[in-house]
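Here is query_26.json, consisting of JSON, C-alpha atoms and all ligand atoms:
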[["chain", "number", "residue", "atom", "x", "y", "z"],
["Q", 1, "MET", "CA", 52.99, 63.55, -6.52],
["Q", 2, "LYS", "CA", 51.91, 63.49, -2.89],
["Q", 3, "PHE", "CA", 48.43, 62.20, -2.14],
["Q", 4, "THR", "CA", 46.19, 61.29, 0.80],
["Q", 5, "LYS", "CA", 43.84, 58.34, 0.76],
["Q", 6, "MET", "CA", 40.61, 59.08, 2.66],
["Q", 7, "HIS", "CA", 37.16, 57.62, 2.96],
["Q", 8, "GLY", "CA", 33.74, 58.82, 4.04],
["Q", 9, "THR", "CA", 31.57, 55.89, 5.09],
["Q", 10, "GLY", "CA", 33.76, 53.58, 3.00],
["Q", 11, "ASN", "CA", 33.49, 55.70, -0.17],
["Q", 12, "ASP", "CA", 37.23, 56.07, -0.85],
["Q", 13, "TYR", "CA", 39.03, 58.65, -2.94],
["Q", 14, "ILE", "CA", 42.60, 59.79, -3.59],
["Q", 15, "TYR", "CA", 42.93, 63.43, -2.43],
["Q", 16, "ILE", "CA", 45.42, 65.80, -4.04],
["Q", 17, "ASN", "CA", 46.40, 69.23, -2.76],
["Q", 18, "GLY", "CA", 45.97, 71.39, -5.87],
["Q", 19, "PHE", "CA", 47.65, 74.36, -4.08],
["Q", 20, "VAL", "CA", 50.94, 72.41, -4.29],
["Q", 21, "GLU", "CA", 50.60, 69.84, -7.07],
["Q", 22, "ASN", "CA", 50.04, 71.08, -10.59],
["Q", 23, "ILE", "CA", 48.59, 68.11, -12.40],
["Q", 24, "GLU", "CA", 47.29, 68.00, -15.94],
["Q", 25, "ASN", "CA", 44.85, 65.49, -17.31],
["Q", 26, "LEU", "CA", 43.05, 64.69, -14.07],
["Q", 27, "SER", "CA", 40.56, 62.49, -15.86],
["Q", 28, "GLU", "CA", 43.22, 60.12, -17.18],
["Q", 29, "LEU", "CA", 44.99, 60.18, -13.80],
["Q", 30, "SER", "CA", 41.80, 59.17, -11.98],
["Q", 31, "LEU", "CA", 41.27, 56.25, -14.34],
["Q", 32, "ARG", "CA", 44.84, 55.09, -13.81],
["Q", 33, "LEU", "CA", 45.27, 55.61, -10.07],
["Q", 34, "SER", "CA", 41.81, 54.35, -9.07],
["Q", 35, "ASP", "CA", 42.57, 50.87, -10.42],
["Q", 36, "ARG", "CA", 42.52, 48.53, -7.40],
["Q", 37, "HIS", "CA", 45.14, 46.17, -8.89],
["Q", 38, "LYS", "CA", 47.43, 48.38, -10.95],
["Q", 39, "GLY", "CA", 46.97, 51.74, -9.22],
["Q", 40, "ILE", "CA", 46.47, 53.08, -5.69],
["Q", 41, "GLY", "CA", 42.89, 51.83, -5.62],
["Q", 42, "SER", "CA", 39.85, 54.07, -5.06],
["Q", 43, "ASP", "CA", 36.39, 55.07, -6.19],
["Q", 44, "GLY", "CA", 37.99, 58.11, -7.85],
["Q", 45, "LEU", "CA", 40.15, 61.19, -7.48],
["Q", 46, "VAL", "CA", 39.47, 64.50, -5.69],
["Q", 47, "VAL", "CA", 41.49, 67.68, -6.12],
["Q", 48, "ILE", "CA", 41.38, 70.56, -3.61],
["Q", 49, "LEU", "CA", 41.96, 73.92, -5.33],
["Q", 50, "PRO", "CA", 41.94, 77.64, -4.57],
["Q", 51, "SER", "CA", 38.65, 79.41, -5.25],
["Q", 52, "GLU", "CA", 37.91, 83.03, -6.06],
["Q", 53, "ASP", "CA", 34.68, 83.29, -4.11],
["Q", 54, "CYS", "CA", 34.84, 80.40, -1.62],
["Q", 55, "ASP", "CA", 37.39, 79.07, 0.85],
["Q", 56, "PHE", "CA", 38.20, 76.11, -1.40],
["Q", 57, "LYS", "CA", 37.15, 74.48, -4.64],
["Q", 58, "MET", "CA", 36.61, 70.77, -5.29],
["Q", 59, "ARG", "CA", 36.97, 68.82, -8.51],
["Q", 60, "MET", "CA", 35.94, 65.19, -8.36],
["Q", 61, "PHE", "CA", 36.53, 62.40, -10.87],
["Q", 62, "ASN", "CA", 35.03, 58.92, -10.93],
["Q", 63, "SER", "CA", 37.19, 55.80, -11.30],
["Q", 64, "ASP", "CA", 36.25, 55.68, -15.02],
["Q", 65, "GLY", "CA", 37.76, 59.17, -15.48],
["Q", 66, "SER", "CA", 34.45, 61.06, -15.84],
["Q", 67, "GLU", "CA", 34.03, 64.24, -13.81],
["Q", 68, "SER", "CA", 31.04, 64.61, -11.48],
["Q", 69, "GLU", "CA", 29.40, 67.84, -10.39],
["Q", 70, "MET", "CA", 29.21, 66.94, -6.72],
["Q", 71, "CYS", "CA", 30.22, 64.39, -4.09],
["Q", 72, "GLY", "CA", 28.83, 64.42, -0.56],
["Q", 73, "ASN", "CA", 31.33, 62.01, 1.00],
["Q", 74, "ALA", "CA", 34.31, 63.77, -0.59],
["Q", 75, "SER", "CA", 33.05, 67.17, 0.62],
["Q", 76, "ARG", "CA", 33.22, 65.91, 4.21],
["Q", 77, "CYS", "CA", 36.73, 64.52, 3.69],
["Q", 78, "ILE", "CA", 37.85, 67.86, 2.24],
["Q", 79, "GLY", "CA", 36.64, 69.51, 5.46],
["Q", 80, "LYS", "CA", 38.87, 67.20, 7.49],
["Q", 81, "TYR", "CA", 41.80, 67.56, 5.07],
["Q", 82, "VAL", "CA", 41.93, 71.36, 4.97],
["Q", 83, "TYR", "CA", 41.45, 71.78, 8.73],
["Q", 84, "GLU", "CA", 43.87, 69.10, 9.91],
["Q", 85, "LYS", "CA", 46.56, 70.13, 7.41],
["Q", 86, "GLY", "CA", 46.28, 73.73, 8.59],
["Q", 87, "LEU", "CA", 45.01, 75.15, 5.29],
["Q", 88, "THR", "CA", 42.31, 76.87, 7.34],
["Q", 89, "ASP", "CA", 41.36, 77.32, 10.98],
["Q", 90, "LYS", "CA", 37.69, 77.86, 10.15],
["Q", 91, "THR", "CA", 35.17, 75.28, 11.29],
["Q", 92, "GLU", "CA", 32.61, 76.54, 8.80],
["Q", 93, "ILE", "CA", 33.98, 76.35, 5.29],
["Q", 94, "THR", "CA", 32.57, 77.28, 1.90],
["Q", 95, "LEU", "CA", 33.32, 74.89, -0.95],
["Q", 96, "GLU", "CA", 32.92, 75.69, -4.64],
["Q", 97, "THR", "CA", 31.73, 72.74, -6.72],
["Q", 98, "LEU", "CA", 30.30, 72.31, -10.21],
["Q", 99, "ALA", "CA", 26.94, 72.04, -8.41],
["Q", 100, "GLY", "CA", 27.28, 75.41, -6.67],
["Q", 101, "VAL", "CA", 28.56, 76.48, -3.25],
["Q", 102, "LYS", "CA", 28.32, 73.98, -0.36],
["Q", 103, "VAL", "CA", 28.92, 74.83, 3.29],
["Q", 104, "LEU", "CA", 30.81, 72.40, 5.52],
["Q", 105, "LYS", "CA", 30.40, 72.43, 9.30],
["Q", 106, "LEU", "CA", 33.18, 70.59, 11.11],
["Q", 107, "TRP", "CA", 32.58, 68.67, 14.34],
["Q", 108, "LEU", "CA", 35.82, 68.55, 16.37],
["Q", 109, "ASN", "CA", 36.69, 66.14, 19.19],
["Q", 110, "GLU", "CA", 38.70, 67.10, 22.31],
["Q", 111, "GLU", "CA", 42.01, 66.66, 20.44],
["Q", 112, "LYS", "CA", 40.77, 69.11, 17.77],
["Q", 113, "ARG", "CA", 40.50, 66.36, 15.18],
["Q", 114, "VAL", "CA", 37.60, 66.44, 12.75],
["Q", 115, "GLU", "CA", 35.33, 63.52, 13.67],
["Q", 116, "LYS", "CA", 32.39, 64.26, 11.46],
["Q", 117, "VAL", "CA", 31.16, 66.92, 9.09],
["Q", 118, "THR", "CA", 27.72, 68.28, 8.21],
["Q", 119, "VAL", "CA", 27.35, 69.43, 4.61],
["Q", 120, "ASP", "CA", 24.66, 71.88, 3.58],
["Q", 121, "MET", "CA", 23.91, 70.26, 0.23],
["Q", 122, "GLY", "CA", 21.42, 72.91, -0.90],
["Q", 123, "ALA", "CA", 17.95, 72.26, -2.26],
["Q", 124, "PRO", "CA", 17.23, 69.11, -4.27],
["Q", 125, "VAL", "CA", 16.37, 69.70, -7.94],
["Q", 126, "LEU", "CA", 13.05, 68.07, -8.79],
["Q", 127, "ASP", "CA", 12.39, 69.62, -12.20],
["Q", 128, "ALA", "CA", 12.59, 66.81, -14.80],
["Q", 129, "SER", "CA", 14.39, 68.83, -17.46],
["Q", 130, "SER", "CA", 17.17, 69.88, -15.07],
["Q", 131, "ILE", "CA", 17.98, 66.37, -13.82],
["Q", 132, "PRO", "CA", 18.05, 65.51, -16.78],
["Q", 133, "THR", "CA", 15.78, 62.65, -17.80],
["Q", 134, "ALA", "CA", 13.48, 61.88, -20.68],
["Q", 135, "PHE", "CA", 10.62, 61.63, -18.19],
["Q", 136, "SER", "CA", 8.42, 64.67, -18.58],
["Q", 137, "GLN", "CA", 6.35, 64.88, -15.41],
["Q", 138, "SER", "CA", 7.82, 66.83, -12.46],
["Q", 139, "PRO", "CA", 8.69, 65.62, -9.93],
["Q", 140, "VAL", "CA", 9.71, 62.35, -11.55],
["Q", 141, "VAL", "CA", 8.01, 60.00, -9.12],
["Q", 142, "LYS", "CA", 7.07, 56.35, -9.70],
["Q", 143, "SER", "CA", 8.07, 56.46, -13.36],
["Q", 144, "PRO", "CA", 8.23, 53.11, -15.16],
["Q", 145, "LEU", "CA", 11.75, 52.10, -16.23],
["Q", 146, "PRO", "CA", 12.09, 48.80, -18.10],
["Q", 147, "VAL", "CA", 15.33, 47.03, -17.10],
["Q", 148, "SER", "CA", 14.78, 43.68, -18.82],
["Q", 149, "ASP", "CA", 12.20, 41.89, -20.92],
["Q", 150, "ASP", "CA", 10.27, 40.85, -17.84],
["Q", 151, "ALA", "CA", 11.11, 43.53, -15.26],
["Q", 152, "THR", "CA", 10.03, 47.16, -15.08],
["Q", 153, "TYR", "CA", 10.97, 49.22, -12.02],
["Q", 154, "GLU", "CA", 9.37, 52.37, -10.72],
["Q", 155, "VAL", "CA", 11.98, 55.11, -10.30],
["Q", 156, "THR", "CA", 11.99, 58.48, -8.59],
["Q", 157, "CYS", "CA", 14.54, 60.82, -10.18],
["Q", 158, "LEU", "CA", 16.10, 63.98, -8.80],
["Q", 159, "SER", "CA", 19.34, 65.88, -8.78],
["Q", 160, "MET", "CA", 21.53, 66.77, -5.82],
["Q", 161, "GLY", "CA", 23.72, 68.66, -8.30],
["Q", 162, "ASN", "CA", 24.38, 65.24, -9.87],
["Q", 163, "PRO", "CA", 21.70, 62.89, -11.20],
["Q", 164, "HIS", "CA", 20.03, 60.15, -9.13],
["Q", 165, "ALA", "CA", 17.41, 57.47, -9.79],
["Q", 166, "VAL", "CA", 15.96, 55.96, -6.61],
["Q", 167, "LEU", "CA", 14.25, 52.56, -6.52],
["Q", 168, "PHE", "CA", 12.36, 51.36, -3.44],
["Q", 169, "MET", "CA", 12.24, 47.59, -3.02],
["Q", 170, "ASP", "CA", 12.64, 44.73, -0.55],
["Q", 171, "LYS", "CA", 15.56, 42.31, -0.19],
["Q", 172, "ILE", "CA", 18.20, 44.61, -1.70],
["Q", 173, "ASP", "CA", 20.88, 42.23, -0.37],
["Q", 174, "GLU", "CA", 19.80, 39.68, -2.95],
["Q", 175, "LEU", "CA", 20.21, 42.03, -5.92],
["Q", 176, "ASP", "CA", 22.96, 41.48, -8.45],
["Q", 177, "LEU", "CA", 23.96, 45.12, -8.84],
["Q", 178, "SER", "CA", 26.64, 44.37, -11.42],
["Q", 179, "GLU", "CA", 23.86, 43.16, -13.70],
["Q", 180, "ILE", "CA", 21.09, 45.70, -13.09],
["Q", 181, "GLY", "CA", 23.29, 48.72, -12.26],
["Q", 182, "PRO", "CA", 24.80, 49.27, -15.73],
["Q", 183, "VAL", "CA", 21.40, 48.83, -17.41],
["Q", 184, "ILE", "CA", 19.93, 51.72, -15.42],
["Q", 185, "GLU", "CA", 23.11, 53.83, -15.56],
["Q", 186, "HIS", "CA", 23.07, 53.69, -19.37],
["Q", 187, "ALA", "CA", 19.28, 53.67, -19.93],
["Q", 188, "PRO", "CA", 18.33, 55.95, -22.84],
["Q", 189, "CYS", "CA", 16.07, 58.06, -20.60],
["Q", 190, "PHE", "CA", 19.19, 59.35, -18.77],
["Q", 191, "PRO", "CA", 21.20, 61.37, -21.31],
["Q", 192, "ASN", "CA", 23.93, 62.12, -18.74],
["Q", 193, "ARG", "CA", 23.79, 58.58, -17.26],
["Q", 194, "THR", "CA", 22.70, 58.32, -13.62],
["Q", 195, "ASN", "CA", 23.67, 57.24, -10.12],
["Q", 196, "THR", "CA", 21.19, 54.62, -8.88],
["Q", 197, "GLU", "CA", 20.05, 53.94, -5.31],
["Q", 198, "PHE", "CA", 18.34, 50.69, -4.26],
["Q", 199, "VAL", "CA", 16.49, 51.43, -1.04],
["Q", 200, "GLU", "CA", 14.68, 49.31, 1.53],
["Q", 201, "VAL", "CA", 12.40, 51.14, 3.97],
["Q", 202, "VAL", "CA", 12.77, 49.87, 7.55],
["Q", 203, "SER", "CA", 10.81, 52.65, 9.28],
["Q", 204, "ASP", "CA", 9.98, 56.32, 8.78],
["Q", 205, "ARG", "CA", 13.44, 57.19, 10.20],
["Q", 206, "TRP", "CA", 15.55, 54.37, 8.79],
["Q", 207, "LEU", "CA", 16.47, 53.35, 5.24],
["Q", 208, "ILE", "CA", 18.88, 50.66, 4.07],
["Q", 209, "MET", "CA", 20.56, 51.41, 0.77],
["Q", 210, "ARG", "CA", 22.93, 50.03, -1.84],
["Q", 211, "VAL", "CA", 24.26, 52.24, -4.59],
["Q", 212, "TRP", "CA", 25.46, 51.83, -8.17],
["Q", 213, "GLU", "CA", 27.43, 54.98, -8.95],
["Q", 214, "ARG", "CA", 27.71, 56.51, -12.37],
["Q", 215, "GLY", "CA", 31.30, 56.00, -13.48],
["Q", 216, "ALA", "CA", 32.34, 53.88, -10.50],
["Q", 217, "GLY", "CA", 30.05, 50.85, -10.09],
["Q", 218, "GLU", "CA", 28.90, 49.65, -6.68],
["Q", 219, "THR", "CA", 30.46, 51.70, -3.89],
["Q", 220, "LEU", "CA", 30.10, 51.28, -0.12],
["Q", 221, "ALA", "CA", 28.34, 54.64, 0.22],
["Q", 222, "CYS", "CA", 27.22, 57.71, -1.66],
["Q", 223, "GLY", "CA", 26.45, 60.95, 0.18],
["Q", 224, "THR", "CA", 24.46, 62.63, -2.58],
["Q", 225, "GLY", "CA", 22.74, 59.27, -3.09],
["Q", 226, "ALA", "CA", 21.72, 59.04, 0.57],
["Q", 227, "CYS", "CA", 20.27, 62.57, 0.32],
["Q", 228, "ALA", "CA", 18.42, 61.55, -2.86],
["Q", 229, "ALA", "CA", 17.04, 58.45, -1.11],
["Q", 230, "VAL", "CA", 15.52, 60.51, 1.72],
["Q", 231, "VAL", "CA", 14.12, 63.18, -0.64],
["Q", 232, "ALA", "CA", 12.62, 60.44, -2.85],
["Q", 233, "GLY", "CA", 11.29, 58.68, 0.26],
["Q", 234, "VAL", "CA", 9.54, 61.86, 1.39],
["Q", 235, "LEU", "CA", 8.09, 62.45, -2.10],
["Q", 236, "ASN", "CA", 6.68, 58.89, -2.02],
["Q", 237, "GLY", "CA", 5.38, 59.17, 1.56],
["Q", 238, "LEU", "CA", 7.73, 56.42, 2.77],
["Q", 239, "VAL", "CA", 10.03, 58.20, 5.23],
["Q", 240, "GLY", "CA", 10.19, 61.31, 7.42],
["Q", 241, "ARG", "CA", 12.33, 64.34, 6.55],
["Q", 242, "SER", "CA", 15.01, 63.26, 9.00],
["Q", 243, "ALA", "CA", 16.39, 59.74, 8.65],
["Q", 244, "THR", "CA", 19.39, 57.44, 9.02],
["Q", 245, "VAL", "CA", 20.56, 55.85, 5.79],
["Q", 246, "GLN", "CA", 22.40, 52.60, 6.48],
["Q", 247, "LEU", "CA", 24.92, 51.76, 3.79],
["Q", 248, "ARG", "CA", 27.40, 48.93, 3.38],
["Q", 249, "GLY", "CA", 30.14, 51.30, 4.58],
["Q", 250, "GLY", "CA", 28.24, 52.74, 7.58],
["Q", 251, "ASP", "CA", 25.49, 55.18, 8.45],
["Q", 252, "LEU", "CA", 24.72, 58.69, 7.16],
["Q", 253, "GLU", "CA", 22.30, 61.10, 8.84],
["Q", 254, "ILE", "CA", 20.12, 63.07, 6.44],
["Q", 255, "GLU", "CA", 17.73, 65.92, 7.07],
["Q", 256, "TRP", "CA", 15.61, 67.59, 4.37],
["Q", 257, "SER", "CA", 14.71, 70.74, 6.23],
["Q", 258, "GLU", "CA", 11.14, 71.91, 6.08],
["Q", 259, "ASP", "CA", 12.29, 75.44, 7.02],
["Q", 260, "ASP", "CA", 14.70, 76.14, 4.18],
["Q", 261, "ASN", "CA", 14.16, 73.19, 1.75],
["Q", 262, "ARG", "CA", 17.89, 72.38, 1.98],
["Q", 263, "VAL", "CA", 19.31, 68.91, 2.57],
["Q", 264, "TYR", "CA", 21.86, 68.41, 5.38],
["Q", 265, "LEU", "CA", 24.22, 65.44, 5.25],
["Q", 266, "THR", "CA", 26.19, 64.35, 8.35],
["Q", 267, "GLY", "CA", 28.78, 61.58, 8.51],
["Q", 268, "ASP", "CA", 32.35, 60.57, 9.23],
["Q", 269, "ALA", "CA", 35.55, 61.52, 7.42],
["Q", 270, "VAL", "CA", 38.60, 59.28, 7.79],
["Q", 271, "THR", "CA", 42.25, 59.53, 6.70],
["Q", 272, "VAL", "CA", 43.60, 56.12, 5.71],
["Q", 273, "PHE", "CA", 47.18, 56.87, 4.64],
["Q", 274, "GLU", "CA", 49.47, 59.36, 2.93],
["Q", 275, "GLY", "CA", 51.67, 58.47, 0.01],
["Q", 276, "GLU", "CA", 53.81, 59.62, -2.86],
["Q", 277, "ILE", "CA", 53.65, 58.23, -6.37],
["Q", 278, "LYS", "CA", 55.89, 58.68, -9.42],
["Q", 279, "LEU", "CA", 53.68, 59.65, -12.33],
["Q", 280, "ASP", "CA", 56.17, 59.06, -15.12],
["Q", 281, "GLU", "CA", 56.63, 55.32, -14.54],
["Q", 301, "LIG", "N1", 29.98, 59.14, -3.97],
["Q", 301, "LIG", "C1", 29.62, 60.50, -4.17],
["Q", 301, "LIG", "C2", 28.92, 60.84, -5.40],
["Q", 301, "LIG", "C3", 29.71, 60.54, -6.64],
["Q", 301, "LIG", "C4", 28.81, 60.69, -7.78],
["Q", 301, "LIG", "C5", 29.41, 60.28, -9.06],
["Q", 301, "LIG", "N2", 29.48, 58.84, -9.18],
["Q", 301, "LIG", "C6", 28.66, 60.92, -10.23],
["Q", 301, "LIG", "O1", 29.03, 60.61, -11.36],
["Q", 301, "LIG", "O2", 27.75, 61.73, -10.03],
["Q", 301, "LIG", "C7", 28.89, 61.07, -2.96],
["Q", 301, "LIG", "O3", 29.25, 60.74, -1.86],
["Q", 301, "LIG", "O4", 28.00, 61.90, -3.11]]

Written as structure tokens, that's how I'd like the structure from this file.
Ligand SMILES: N[C@H](CCC[C@H](N)C(=O)O)C(=O)O
Amino acid sequence: MKFTKMHGTGNDYIYINGFVENIENLSELSLRLSDRHKGIGSDGLVVILPSEDCDFKMRMFNSDGSESEMCGNASRCIGKYVYEKGLTDKTEITLETLAGVKVLKLWLNEEKRVEKVTVDMGAPVLDASSIPTAFSQSPVVKSPLPVSDDATYEVTCLSMGNPHAVLFMDKIDELDLSEIGPVIEHAPCFPNRTNTEFVEVVSDRWLIMRVWERGAGETLACGTGACAAVVAGVLNGLVGRSATVQLRGGDLEIEWSEDDNRVYLTGDAVTVFEGEIKLDE
């Protein structure tokens, strides 16, 4: 099987061309190939497929084999993949996902390489029952979430097609995410588990964030998570509608448009290497 290793802001996935490769059991394959010691090594697996109504379709699996509805960083990398491999010559591309249709706008440099991509992520979902959480008020803002006997955090929960819990706090560098991350991910109030963002507010245009992803653990960046952080920041009166989110893997630019209520995500898309792997060994 041929594959391409790509990252968006350090969030790395194995990309497979589903027009050519016919792979069964993608969930098991993601679990196996994502392993950083015994596999290729990645945060998960992304398959690019034909779509009936859109230009392309994405399926995205976490490194634990679970499938997610949406991935912002992978959407940008798909834009680069399909354009640079000649699968399309469009610079505005529609992408079918389990979270609906997303529109990718490609930014080309002088050599016609895709340098960055803006994704129209659609409107955030703020209704508690659709996120889903056990919290009943909508929007789910400043809700108390006990994480240990002596610590309760206030969380803001929303969906960008996939679930997010956002926590605002200082000194996020000092957090032990491997301890607190799984507790929140598996908290009983999140029946579908959750992605969790730990966010420090620097100014009304600048957030610093670490992320514990559902099904993948701490990653260097999360596009849907960065969108969730800005939406949650606006709901809490902490940040403006247009902000830079600084992650361990780099910066993402987020705008929650007042005009159309949609969230726009802009960031890099990078090809790391191409490879071929025997699946029967
Ligand atoms: N890293 C991705 C999101 C993956 C989300 C996944 N961990 C889930 O289970 O929802 C992003 O850039 O948006």

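Among the candidates Q:Met209, Q:Ser138, Q:Lys38, Q:Met121, the one nearest to Trp256 of chain Q when counting all atoms listed in the file is Q:Met121.
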
Of Q:Ile131, Q:Ala232, Q:Val20, Q:Ile180, the one sitting nearest Thr156 of chain Q when using only C-alpha atoms is Q:Ala232

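Distances from Q:Ile16, Q:Cys227, Q:Cys157, Q:Val234 to ligand LIG 301 (chain Q) were compared using all atoms listed in the file, and the smallest one belongs to Q:Cys227.
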
Which residues of chain Q sit at most 6 Å from ligand LIG 301 (chain Q), using all atoms listed in the file? Give each one's shortest atom pair and distance in Å (one decimal place), in chain and ascending residue order, as a Markdown table.
| residue | atom | partner | partner_atom | distance |
| --- | --- | --- | --- | --- |
| Q:Asn62 | CA | Q:LIG301 | N2 | 5.8 |
| Q:Ser68 | CA | Q:LIG301 | O1 | 4.5 |
| Q:Cys71 | CA | Q:LIG301 | O4 | 3.5 |
| Q:Gly72 | CA | Q:LIG301 | O4 | 3.7 |
| Q:Asn73 | CA | Q:LIG301 | O3 | 3.8 |
| Q:Asn162 | CA | Q:LIG301 | O2 | 4.9 |
| Q:Glu213 | CA | Q:LIG301 | N2 | 4.4 |
| Q:Arg214 | CA | Q:LIG301 | N2 | 4.3 |
| Q:Gly215 | CA | Q:LIG301 | N2 | 5.5 |
| Q:Ala216 | CA | Q:LIG301 | N2 | 5.9 |
| Q:Cys222 | CA | Q:LIG301 | O3 | 3.7 |
| Q:Gly223 | CA | Q:LIG301 | O3 | 3.5 |
| Q:Thr224 | CA | Q:LIG301 | O4 | 3.7 |
| Q:Gly225 | CA | Q:LIG301 | O4 | 5.9 |

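A straight line drawn from atom CA of Phe61 of chain Q to atom CA of Ala128 of chain Q is 24.7 Å long.
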
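The closest residue to Arg193 of chain Q, picked from Q:Pro146, Q:Gly250, Q:Pro132, Q:Gly240 and counting all atoms listed in the file, is Q:Pro132.
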
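Using all atoms listed in the file for every distance, the candidate list Q:Thr196, Q:Ser66, Q:Asn109, Q:Thr4 yields Q:Thr196 as the residue closest to Ser159 of chain Q.
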
As a check of understanding: the span from atom CA of Val263 of chain Q to atom CA of Glu115 of chain Q is 20.2 Å

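Residues surrounding segment 269-281 of chain Q within 9 Å are Met1, Lys2, Phe3, Thr4, Lys5, Met6, His7, Gly8, Thr9, Gly10, Leu29, Ile40, Asn73, Ala74, Arg76, Cys77, Ile78, Gly79, Lys80, Tyr81, Val114, Glu115, Lys116 and Val117 of chain Q [all atoms listed in the file; sequence separation below 3 positions excluded].
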
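Nearest residue to Thr91 of chain Q, choosing from Q:Val125, Q:Val119, Q:Val230, Q:Leu238 and counting only C-alpha atoms: Q:Val119.
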
Which residues of segment 56-122 of chain Q come within 6 Å of segment 41-49 of chain Q, and what is each one's closest atom pair and distance in Å (one decimal), counting all atoms listed in the file, sorted by chain and residue number, as CSV?
residue,atom,partner,partner_atom,distance
Q:Phe56,CA,Q:Leu49,CA,5.9
Q:Lys57,CA,Q:Leu49,CA,4.9
Q:Met58,CA,Q:Ile48,CA,5.1
Q:Arg59,CA,Q:Val47,CA,5.2
Q:Met60,CA,Q:Val46,CA,4.5
Q:Phe61,CA,Q:Leu45,CA,5.1
Q:Asn62,CA,Q:Gly44,CA,4.3
Q:Ser63,CA,Q:Gly44,CA,4.2

Just give me the residues with any atom within 7 Å of (37.6, 74.7, 11.0), file coordinates, counting only C-alpha atoms, written as JSON, numbers by chain. {"Q": [83, 88, 89, 90, 91, 92, 93, 106]}

inquiry  = Would you pick out the contacts of Asn261 of chain Q at 12 Å or less, using only C-alpha atoms, so that residues sharing its chain but fewer than 3 positions from it are not included, and give the list as an MDAnalysis selection string?
reply    = chainID Q and resid 120:126 231 241 255:258 264

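Here atom CA of Ser51 of chain Q is placed at a distance of 21.6 Å from atom CA of Ser30 of chain Q.
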
Q | Contacts of Ala187 of chain Q within 9 Å, only C-alpha atoms, excl. fewer than 4 positions in-chain, as a VMD selection string | A | chain Q and resid 145 to 147 182 to 183 191 193 to 194

Can you pull out every residue within 8 Å of Glu253 of chain Q, counting only C-alpha atoms, but drop anything in the same chain fewer than 3 positions away, and send it as a PyMOL selection string? chain Q and resi 242-245+265-267
